[in-house]
Each structure stands twice: as C-alpha cells, then as structure tokens.
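Structure file my_file22.tsv (TSV, C-alpha atoms (C1' of nucleotides)) is printed below.
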chain	number	residue	atom	x	y	z
A	1	MET	CA	-12.87	133.77	-23.99
A	2	LYS	CA	-10.31	131.70	-25.91
A	3	ILE	CA	-11.45	130.40	-29.30
A	4	ALA	CA	-9.24	128.07	-31.35
A	5	SER	CA	-9.42	126.47	-34.78
A	6	TRP	CA	-7.51	123.38	-35.90
A	7	ASN	CA	-7.62	121.22	-39.02
A	8	ILE	CA	-6.66	117.92	-37.45
A	9	ASN	CA	-6.65	115.66	-40.57
A	10	SER	CA	-8.65	112.76	-39.03
A	11	ILE	CA	-9.97	112.84	-35.46
A	12	LYS	CA	-9.34	109.10	-35.20
A	13	ALA	CA	-5.63	109.47	-35.99
A	14	ARG	CA	-5.24	112.69	-33.99
A	15	LEU	CA	-7.21	112.07	-30.79
A	16	PRO	CA	-4.17	111.90	-28.43
A	17	ASN	CA	-2.75	115.12	-29.91
A	18	VAL	CA	-6.11	116.91	-29.60
A	19	LEU	CA	-6.72	115.78	-26.01
A	20	GLN	CA	-3.21	116.80	-24.96
A	21	TRP	CA	-3.54	120.20	-26.61
A	22	LEU	CA	-6.95	120.86	-25.03
A	23	GLU	CA	-5.57	120.07	-21.58
A	24	SER	CA	-2.61	122.43	-21.95
A	25	ALA	CA	-4.19	125.26	-24.01
A	26	GLN	CA	-7.60	125.21	-22.28
A	27	PRO	CA	-9.64	127.03	-24.95
A	28	GLU	CA	-13.31	127.64	-24.19
A	29	VAL	CA	-14.10	126.73	-27.81
A	30	LEU	CA	-12.22	124.56	-30.33
A	31	LEU	CA	-13.29	124.44	-33.97
A	32	LEU	CA	-12.21	121.27	-35.75
A	33	GLN	CA	-11.92	120.52	-39.47
A	34	GLU	CA	-11.25	117.35	-41.47
A	35	LEU	CA	-12.70	114.86	-39.02
A	36	LYS	CA	-12.63	112.24	-41.83
A	37	GLY	CA	-15.34	110.16	-40.23
A	38	ILE	CA	-19.06	109.94	-39.53
A	39	SER	CA	-20.55	111.85	-36.59
A	40	GLU	CA	-21.38	108.60	-34.76
A	41	ASN	CA	-17.67	107.74	-34.58
A	42	PHE	CA	-16.66	111.09	-33.06
A	43	PRO	CA	-15.03	110.60	-29.61
A	44	THR	CA	-17.73	112.57	-27.81
A	45	SER	CA	-17.23	111.01	-24.36
A	46	GLU	CA	-13.48	111.76	-24.39
A	47	MET	CA	-14.28	115.43	-25.10
A	48	GLU	CA	-17.04	115.53	-22.49
A	49	ASN	CA	-14.57	114.17	-19.93
A	50	LEU	CA	-12.56	117.36	-20.48
A	51	GLY	CA	-15.69	119.47	-20.02
A	52	TYR	CA	-16.59	120.11	-23.68
A	53	ASN	CA	-19.97	119.90	-25.36
A	54	CYS	CA	-19.79	118.62	-28.96
A	55	ALA	CA	-21.61	119.72	-32.11
A	56	ILE	CA	-20.57	117.47	-34.99
A	57	ASN	CA	-21.15	117.47	-38.75
A	58	GLY	CA	-19.26	114.43	-39.99
A	59	GLN	CA	-19.28	112.26	-43.10
A	60	LYS	CA	-17.56	109.08	-44.22
A	61	ALA	CA	-13.86	109.32	-45.13
A	62	TYR	CA	-13.67	113.01	-46.09
A	63	ASN	CA	-14.27	116.50	-44.71
A	64	GLY	CA	-16.25	116.81	-41.47
A	65	VAL	CA	-16.33	119.71	-38.99
A	66	ALA	CA	-17.13	120.11	-35.30
A	67	ILE	CA	-17.41	122.64	-32.50
A	68	LEU	CA	-16.26	121.82	-28.98
A	69	SER	CA	-17.49	124.27	-26.35
A	70	LYS	CA	-17.30	124.50	-22.58
A	71	TYR	CA	-20.59	126.43	-22.81
A	72	PRO	CA	-23.88	124.94	-24.00
A	73	MET	CA	-24.70	125.30	-27.69
A	74	ASP	CA	-28.10	126.11	-29.25
A	75	GLU	CA	-29.45	126.83	-32.74
A	76	ILE	CA	-26.99	124.49	-34.45
A	77	ASN	CA	-26.80	124.81	-38.26
A	78	PHE	CA	-25.48	121.75	-40.09
A	79	GLY	CA	-24.23	123.03	-43.44
A	80	LEU	CA	-24.58	126.44	-45.05
A	81	PRO	CA	-28.21	127.61	-45.33
A	82	ASP	CA	-29.77	127.65	-48.82
A	83	TYR	CA	-27.15	125.23	-50.16
A	84	ASP	CA	-29.00	121.91	-50.04
A	85	GLU	CA	-27.18	120.62	-53.12
A	86	ASP	CA	-23.87	120.63	-51.22
A	87	GLN	CA	-23.11	117.01	-50.35
A	88	GLN	CA	-19.97	117.69	-48.32
A	89	ALA	CA	-19.75	118.29	-44.55
A	90	ARG	CA	-17.84	121.58	-44.49
A	91	TYR	CA	-19.82	123.87	-42.18
A	92	ILE	CA	-21.31	123.84	-38.71
A	93	GLU	CA	-22.53	126.83	-36.71
A	94	ALA	CA	-23.88	127.23	-33.22
A	95	TRP	CA	-24.97	129.82	-30.70
A	96	VAL	CA	-22.60	129.50	-27.73
A	97	ARG	CA	-24.65	130.45	-24.69
A	98	ILE	CA	-22.60	132.09	-21.93
A	99	THR	CA	-25.61	133.32	-19.96
A	100	ASP	CA	-29.29	133.47	-20.83
A	101	LYS	CA	-28.69	136.92	-22.31
A	102	THR	CA	-25.09	136.79	-23.58
A	103	GLY	CA	-23.23	134.58	-26.00
A	104	LEU	CA	-21.75	134.47	-29.45
A	105	ARG	CA	-22.28	132.77	-32.78
A	106	ILE	CA	-19.43	130.54	-33.92
A	107	ALA	CA	-18.88	128.53	-37.10
A	108	SER	CA	-16.33	125.86	-38.00
A	109	ILE	CA	-15.44	126.14	-41.69
A	110	TYR	CA	-13.64	123.80	-44.06
A	111	ALA	CA	-13.64	125.48	-47.45
A	112	PRO	CA	-12.88	123.30	-50.50
A	113	ASN	CA	-9.25	123.02	-51.61
A	114	GLY	CA	-10.20	123.58	-55.27
A	115	ASN	CA	-7.27	121.97	-57.05
A	116	PRO	CA	-6.78	121.42	-59.90
A	117	VAL	CA	-7.94	124.83	-61.09
A	118	ASP	CA	-9.07	123.59	-64.52
A	119	SER	CA	-11.53	121.14	-62.95
A	120	GLU	CA	-15.02	121.23	-61.46
A	121	LYS	CA	-13.31	121.16	-58.05
A	122	PHE	CA	-12.27	124.78	-58.56
A	123	SER	CA	-15.73	125.93	-59.61
A	124	TYR	CA	-17.12	124.12	-56.55
A	125	LYS	CA	-14.64	126.01	-54.34
A	126	ILE	CA	-15.80	129.34	-55.76
A	127	ASP	CA	-19.48	128.38	-55.54
A	128	TRP	CA	-19.01	127.26	-51.93
A	129	MET	CA	-17.31	130.52	-51.00
A	130	ASP	CA	-20.07	132.52	-52.69
A	131	HIS	CA	-22.59	130.72	-50.48
A	132	LEU	CA	-20.43	131.45	-47.43
A	133	ILE	CA	-20.34	135.15	-48.39
A	134	GLU	CA	-24.14	135.25	-48.69
A	135	HIS	CA	-24.64	133.62	-45.31
A	136	SER	CA	-21.99	135.82	-43.69
A	137	LYS	CA	-24.00	138.86	-44.80
A	138	THR	CA	-27.13	137.64	-43.04
A	139	LEU	CA	-25.10	136.93	-39.89
A	140	LEU	CA	-23.87	140.54	-39.84
A	141	ASN	CA	-27.46	141.80	-39.86
A	142	LYS	CA	-27.95	140.26	-36.40
A	143	GLU	CA	-25.22	142.58	-35.00
A	144	GLU	CA	-23.88	139.79	-32.81
A	145	VAL	CA	-20.41	138.71	-31.74
A	146	VAL	CA	-19.62	136.26	-34.58
A	147	VAL	CA	-16.49	134.16	-35.13
A	148	LEU	CA	-16.13	132.31	-38.44
A	149	GLY	CA	-13.04	130.14	-37.97
A	150	GLY	CA	-11.48	127.37	-39.95
A	151	ASP	CA	-9.45	126.19	-42.91
A	152	TYR	CA	-10.40	128.66	-45.64
A	153	ASN	CA	-7.98	127.08	-48.12
A	154	VAL	CA	-7.00	130.61	-49.17
A	155	ILE	CA	-3.54	132.17	-48.87
A	156	PRO	CA	-4.64	135.80	-48.44
A	157	ALA	CA	-1.42	137.40	-49.76
A	158	ASP	CA	1.95	136.38	-51.19
A	159	GLU	CA	3.60	137.19	-47.84
A	160	ASP	CA	1.55	134.34	-46.31
A	161	CYS	CA	3.36	131.79	-48.51
A	162	TYR	CA	6.97	130.52	-48.48
A	163	ASP	CA	7.18	130.51	-52.30
A	164	PRO	CA	4.50	132.59	-54.05
A	165	ILE	CA	5.93	131.84	-57.50
A	166	ALA	CA	5.58	128.09	-56.98
A	167	TRP	CA	2.00	128.64	-55.78
A	168	GLN	CA	0.87	131.27	-58.29
A	169	ASN	CA	-1.39	128.92	-60.24
A	170	ASP	CA	-2.69	127.04	-57.23
A	171	ALA	CA	-6.35	127.24	-56.20
A	172	LEU	CA	-5.26	128.64	-52.82
A	173	THR	CA	-3.75	131.79	-54.38
A	174	ARG	CA	-5.86	132.28	-57.52
A	175	PRO	CA	-7.40	135.78	-57.84
A	176	GLU	CA	-10.88	134.20	-57.87
A	177	SER	CA	-10.18	132.63	-54.46
A	178	ARG	CA	-8.52	135.69	-52.95
A	179	SER	CA	-11.32	137.95	-54.13
A	180	ARG	CA	-13.88	135.77	-52.29
A	181	PHE	CA	-11.81	135.91	-49.10
A	182	ARG	CA	-11.41	139.67	-49.53
A	183	ALA	CA	-15.18	139.98	-50.04
A	184	LEU	CA	-15.69	138.59	-46.53
A	185	LEU	CA	-13.33	141.25	-45.16
A	186	ASN	CA	-15.03	143.97	-47.20
A	187	LEU	CA	-18.38	142.98	-45.72
A	188	GLY	CA	-16.95	143.99	-42.36
A	189	TYR	CA	-15.21	140.89	-41.01
A	190	THR	CA	-11.74	141.25	-39.48
A	191	GLU	CA	-9.10	138.55	-39.93
A	192	ALA	CA	-7.91	138.23	-36.35
A	193	TRP	CA	-4.28	137.23	-36.82
A	194	ARG	CA	-3.38	139.72	-39.56
A	195	SER	CA	-5.18	142.56	-37.76
A	196	LEU	CA	-2.76	142.20	-34.82
A	197	ASN	CA	0.45	141.08	-36.59
A	198	LYS	CA	2.65	142.81	-39.15
A	199	GLU	CA	4.98	139.82	-39.37
A	200	THR	CA	5.16	138.08	-42.76
A	201	HIS	CA	5.90	134.43	-43.58
A	202	VAL	CA	4.08	133.04	-40.58
A	203	TYR	CA	2.23	129.86	-41.40
A	204	SER	CA	-0.50	127.50	-40.19
A	205	PHE	CA	0.08	124.58	-42.61
A	206	TRP	CA	3.17	122.66	-43.67
A	207	ASP	CA	2.93	119.77	-46.14
A	208	TYR	CA	3.94	116.31	-44.95
A	209	GLN	CA	6.11	115.95	-48.06
A	210	ALA	CA	9.65	117.06	-48.88
A	211	GLY	CA	10.60	118.13	-45.36
A	212	ALA	CA	8.33	121.17	-45.56
A	213	TRP	CA	8.03	121.53	-41.78
A	214	HIS	CA	11.78	121.44	-41.16
A	215	LYS	CA	12.44	123.92	-43.99
A	216	ASP	CA	9.53	126.12	-42.78
A	217	ASN	CA	7.95	125.80	-46.23
A	218	GLY	CA	4.48	126.70	-45.05
A	219	ILE	CA	1.35	128.62	-45.97
A	220	ARG	CA	-1.19	130.52	-43.85
A	221	ILE	CA	-4.69	129.27	-44.66
A	222	ASP	CA	-6.38	128.85	-41.25
A	223	HIS	CA	-8.18	132.04	-40.27
A	224	LEU	CA	-10.47	133.47	-37.61
A	225	LEU	CA	-12.87	136.04	-39.08
A	226	LEU	CA	-14.62	138.33	-36.60
A	227	SER	CA	-17.76	140.42	-36.93
A	228	PRO	CA	-17.31	144.10	-35.90
A	229	GLN	CA	-18.86	143.29	-32.52
A	230	ALA	CA	-16.24	140.55	-32.03
A	231	ALA	CA	-13.32	142.55	-33.47
A	232	ASP	CA	-14.00	145.33	-30.94
A	233	LYS	CA	-13.32	142.79	-28.19
A	234	LEU	CA	-10.27	141.10	-29.76
A	235	GLU	CA	-7.31	140.98	-27.36
A	236	THR	CA	-4.78	138.51	-28.79
A	237	CYS	CA	-4.33	136.09	-31.67
A	238	THR	CA	-1.67	133.40	-31.82
A	239	ILE	CA	-0.61	130.61	-34.16
A	240	ASP	CA	0.61	127.82	-31.87
A	241	LYS	CA	3.32	126.03	-33.85
A	242	LYS	CA	4.09	123.47	-31.17
A	243	PRO	CA	1.57	120.80	-32.18
A	244	ARG	CA	2.96	120.68	-35.73
A	245	GLY	CA	6.35	119.59	-34.41
A	246	GLN	CA	5.02	116.67	-32.39
A	247	THR	CA	4.93	113.04	-33.45
A	248	LYS	CA	1.89	111.96	-35.48
A	249	ALA	CA	1.13	115.65	-36.10
A	250	SER	CA	-1.59	117.07	-38.31
A	251	ASP	CA	-0.26	119.03	-41.28
A	252	HIS	CA	-2.05	122.09	-39.78
A	253	THR	CA	-1.41	123.76	-36.42
A	254	PRO	CA	-3.98	125.55	-34.21
A	255	VAL	CA	-4.71	129.26	-34.40
A	256	TRP	CA	-6.51	130.88	-31.48
A	257	CYS	CA	-7.74	134.26	-30.36
A	258	GLU	CA	-8.87	135.81	-27.11
A	259	ILE	CA	-12.05	137.88	-27.05
A	260	SER	CA	-13.09	139.87	-23.96
A	261	ILE	CA	-16.52	138.39	-23.52
B	262	DA	C1'	20.91	110.66	-52.48
B	263	DT	C1'	16.99	111.95	-59.14
B	264	DG	C1'	13.91	110.34	-53.37
B	265	DG	C1'	11.40	112.51	-49.48
B	266	DT	C1'	3.76	111.94	-46.79
B	267	DC	C1'	-0.26	111.02	-44.63
B	268	DG	C1'	-5.17	109.12	-43.73
B	269	DG	C1'	-9.10	106.55	-45.18
B	270	DT	C1'	-10.74	102.96	-47.85
B	271	DC	C1'	-11.35	99.46	-51.25
B	272	DC	C1'	-6.24	98.23	-54.35
B	273	DC	C1'	-6.84	104.46	-55.36
B	274	DC	C1'	-8.34	109.36	-53.95
B	275	DG	C1'	-7.80	113.72	-51.60
B	276	DA	C1'	-4.75	117.06	-49.53

Translate this structure into structure tokens?
Amino acid sequence: MKIASWNINSIKARLPNVLQWLESAQPEVLLLQELKGISENFPTSEMENLGYNCAINGQKAYNGVAILSKYPMDEINFGLPDYDEDQQARYIEAWVRITDKTGLRIASIYAPNGNPVDSEKFSYKIDWMDHLIEHSKTLLNKEEVVVLGGDYNVIPADEDCYDPIAWQNDALTRPESRSRFRALLNLGYTEAWRSLNKETHVYSFWDYQAGAWHKDNGIRIDHLLLSPQAADKLETCTIDKKPRGQTKASDHTPVWCEISI
DNA sequence: ATGGTCGGTCCCCGA
C-alpha cells in the first residue's frame, strides 16, 4: 500500500502536475495540502477518472486539505475534533476501507506556518499542534494502522535544513515547534522517512525565491507519522524530487511510503 | 547584476 503526501500550493494551478504524477507514481492514497480553494471547486471528476475517491476539506483562497484514495473512505473527520474555534481548513481524516474487516486511518495535515514568531500566528501554530497532539493520543488508543501525513511546517532537526543559522529564529525551527513535533514521536509515532534514512540535508521544500531549488537550499517539513501498528509494516519511504524540477512546480515535492497492508 | 517567486484575490496577504 503506497501512501503519499504533497503540498501542491493550489490544486487549480497544479492539476496537470498532480494528474501526471498520479499516473506515473500510482499511489493507493495521496494526501494533499494547500488546495487554496473551496471544496466545490475541487476537480473531483478528474481524480475519479484515475480511480480515486475524494474527501475534501477546502476553503476560499487559503489552506485546504484532501485525501484521494483508490479504496472507499468512511468516518470522515473534517477538522480536528474538539477544536471548533479553528476557522482554517487544515485537517481531514478518514477510515480507508480495504475490506470489510481491514483498513487504516489516514489524515492529511497542514499545520500553520507560524511566522512571524512574535505574532498571534505563532501562538496559533502552537495551539493547533497541541490540539493535534491530543487527537493523536486518542487515535493511538484504537490500536489501528494510522498514518498522519502532511506539511507539519516543522524542521525536525538542524540537519533537515540547508542553513540552520539563517533559520534559527524561524517558526519552523523554534524549540516550541520542535518540542510539539517531538511530542508526537514520544507518544509512539514513527517519522517514516527519518526512521529508514541516515542521510542528512535531504529536503521536501524549496522556496520559489533566490534560486533555492537550483542551489538545493531546501528544508524537510513534509512528514509521514505512523502509529506502531503502521510502523511495524513500513517497507520503504522516499522523497520524490522529480516533481519539484518540473515547470509550474509546487514549492513542495511528494513524500511517500510503502506499508505492507 | 544591490535583483532573483508564486498563487489567490481585491490593488495586498500568505508562504
């Protein structure tokens, strides 16, 4: 079972890239972030033509997340539970039903960026992550195969950044942000890519500005977190850099893992 | 060469 996550920075602008990647990579599930449009404008029929069911949590202009799945989806959660005051579309979760008795729970996550750190945007980031931690705990109690994938907007360690000094006061590296990400791992989740790779300075995002892609000035902020039941079945995890080098690329590139289920 | 980006929308904001 191949599960991918990709912040596409507008589904409207990126549709050809996404369709092409789906046809060549053939994941069973693709988690999307930054749709930048309302759910009604999501290109559902184009995805269905490739055999994907769509669960969409969109909003006007900003944010927006979706799950594409070759299997049917049930029990869809739009937004984090017990966080009604959150006005931003940053979370969607579904039960992916493989058979009547087997399946897995998958979420598409777009955590807040949080910059600048002296603003309410940073406190919102931390508050949002605290709510994600709380919900992640309740998911573990079910003892299911769980994959929480998406743009966490956290650089887990300095080795995941091309220039840690330049980023040391950024919301993506602040100790408050890293401690929330680490809390998810300490609960029992495994970060798929790092668990299988010792390599440093491998990235999932390169800014559009200042030739960042060509200089490989990137950061690794897109992560697949696995419950113990999922981590036991993890076979591979890959960051596919190819889409970032194409024309009209997103500033993120897909990360995907294979789970023997 | 003192610049160099996108995408969505309301002429600026977010990343």

Fill in: At most 10 Å to chain A: residues in chain B, only C-alpha atoms (C1' of nucleotides), as a ChimeraX atom specification
/B:264-270,275-276

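Of the residues under consideration (A:Arg14, A:Arg90, A:Arg178, A:Lys70), A:Lys70 shows the shortest atom-to-atom contact distance to Gln26 of chain A when counting all atoms listed in the file.
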
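The gap separating atom CA of His201 of chain A from atom CA of Asp163 of chain A is 9.6 Å, in Å to one decimal.
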
Worksheet item: Looking at all atoms listed in the file, which of A:Asp151, A:Asp232, A:Glu75, A:Glu199 is the one that sits closest to Pro254 of chain A?
Response: A:Asp151

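Atom to atom, atom CA of Leu225 of chain A and atom CA of Thr138 of chain A stand 14.9 Å apart.
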
Residues near Leu30 of chain A, cut-off 7 Å, only C-alpha atoms (C1' of nucleotides), skip fewer than 4 positions along chain, as a PDB file with C-alpha atoms, in the frame of the given file:
ATOM      1  CA  ILE A   3     -11.450 130.400 -29.300  1.00  0.00           C
ATOM      2  CA  ALA A   4      -9.240 128.070 -31.350  1.00  0.00           C
ATOM      3  CA  SER A   5      -9.420 126.470 -34.780  1.00  0.00           C
ATOM      4  CA  ILE A  67     -17.410 122.640 -32.500  1.00  0.00           C
ATOM      5  CA  LEU A  68     -16.260 121.820 -28.980  1.00  0.00           C
ATOM      6  CA  SER A  69     -17.490 124.270 -26.350  1.00  0.00           C
TER       7      SER A  69
END

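Minimum atom-to-atom distance to Glu93 of chain A, evaluated using only C-alpha atoms, belongs to A:Ser108 out of A:Ser195, A:Ser108, A:Asn57, A:Ser260.
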
For Glu46 of chain A, work out the shell of residues within 12 Å, counting all atoms listed in the file and skipping chain neighbours fewer than 5 positions away, then give it as a tab-separated table (two decimals) with C-alpha atoms, in the coordinates of the input.
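Okay, result.tsv is ready:
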chain	number	residue	atom	x	y	z
A	11	ILE	CA	-9.97	112.84	-35.46
A	12	LYS	CA	-9.34	109.10	-35.20
A	15	LEU	CA	-7.21	112.07	-30.79
A	16	PRO	CA	-4.17	111.90	-28.43
A	18	VAL	CA	-6.11	116.91	-29.60
A	19	LEU	CA	-6.72	115.78	-26.01
A	20	GLN	CA	-3.21	116.80	-24.96
A	22	LEU	CA	-6.95	120.86	-25.03
A	23	GLU	CA	-5.57	120.07	-21.58
A	41	ASN	CA	-17.67	107.74	-34.58
A	51	GLY	CA	-15.69	119.47	-20.02
A	52	TYR	CA	-16.59	120.11	-23.68
A	53	ASN	CA	-19.97	119.90	-25.36
A	54	CYS	CA	-19.79	118.62	-28.96
A	68	LEU	CA	-16.26	121.82	-28.98

Worksheet item: Contacts of Leu187 of chain A at 10 Å or less, counting all atoms listed in the file, minus same-chain residues fewer than 5 places along, as number ranges by chain?
Response: A: 133, 136-137, 140, 182, 227-228

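Distances here use only C-alpha atoms; by that measure, the residue among A:Pro72, A:Gly218, A:Gly103, A:Gly150 closest to Glu34 of chain A is A:Gly150.
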
Discussion item. Rounded to one decimal, what separation in Å do you get between atom CA of Val146 of chain A and atom CA of Asn7 of chain A?
Written reply: 19.7 Å

Any idea what's packed within 12 Å of segment 118-126 of chain A, counting only C-alpha atoms (C1' of nucleotides), ignoring anything in its chain fewer than 6 positions away? Could you give it as a short mmCIF file (atom, residue, chain, number, x, y, z; two decimals) with C-alpha atoms (C1' of nucleotides), in the frame of the given file?
data_model
loop_
_atom_site.label_atom_id
_atom_site.label_comp_id
_atom_site.auth_asym_id
_atom_site.auth_seq_id
_atom_site.Cartn_x
_atom_site.Cartn_y
_atom_site.Cartn_z
CA TYR A 83 -27.15 125.23 -50.16
CA GLU A 85 -27.18 120.62 -53.12
CA ASP A 86 -23.87 120.63 -51.22
CA GLN A 87 -23.11 117.01 -50.35
CA GLN A 88 -19.97 117.69 -48.32
CA ARG A 90 -17.84 121.58 -44.49
CA TYR A 110 -13.64 123.80 -44.06
CA ALA A 111 -13.64 125.48 -47.45
CA PRO A 112 -12.88 123.30 -50.50
CA LEU A 132 -20.43 131.45 -47.43
CA ILE A 133 -20.34 135.15 -48.39
CA TYR A 152 -10.40 128.66 -45.64
CA ASN A 153 -7.98 127.08 -48.12
CA VAL A 154 -7.00 130.61 -49.17
CA ASN A 169 -1.39 128.92 -60.24
CA ASP A 170 -2.69 127.04 -57.23
CA ALA A 171 -6.35 127.24 -56.20
CA LEU A 172 -5.26 128.64 -52.82
CA THR A 173 -3.75 131.79 -54.38
CA ARG A 174 -5.86 132.28 -57.52
CA PRO A 175 -7.40 135.78 -57.84
CA GLU A 176 -10.88 134.20 -57.87
CA SER A 177 -10.18 132.63 -54.46
CA ARG A 178 -8.52 135.69 -52.95
CA SER A 179 -11.32 137.95 -54.13
CA ARG A 180 -13.88 135.77 -52.29
CA PHE A 181 -11.81 135.91 -49.10
"C1'" DG B 275 -7.80 113.72 -51.60
#

Copy chain B out of the block into a file, keeping C-alpha atoms (C1' of nucleotides), as a PDB file, in the first residue's frame.
ATOM      1  C1'  DA B 262      23.982  42.099 -11.783  1.00  0.00           C
ATOM      2  C1'  DT B 263      22.456  45.551  -4.918  1.00  0.00           C
ATOM      3  C1'  DG B 264      17.949  41.723  -8.140  1.00  0.00           C
ATOM      4  C1'  DG B 265      16.034  36.982  -8.117  1.00  0.00           C
ATOM      5  C1'  DT B 266       8.637  33.978  -6.612  1.00  0.00           C
ATOM      6  C1'  DC B 267       4.325  32.238  -6.681  1.00  0.00           C
ATOM      7  C1'  DG B 268      -0.972  31.909  -6.115  1.00  0.00           C
ATOM      8  C1'  DG B 269      -5.293  33.934  -4.936  1.00  0.00           C
ATOM      9  C1'  DT B 270      -7.868  37.939  -4.667  1.00  0.00           C
ATOM     10  C1'  DC B 271      -9.368  42.610  -4.361  1.00  0.00           C
ATOM     11  C1'  DC B 272      -4.916  46.625  -5.522  1.00  0.00           C
ATOM     12  C1'  DC B 273      -2.365  43.279  -0.782  1.00  0.00           C
ATOM     13  C1'  DC B 274      -1.669  38.820   2.017  1.00  0.00           C
ATOM     14  C1'  DG B 275       0.373  34.370   2.945  1.00  0.00           C
ATOM     15  C1'  DA B 276       4.164  31.223   2.250  1.00  0.00           C
TER      16       DA B 276
END
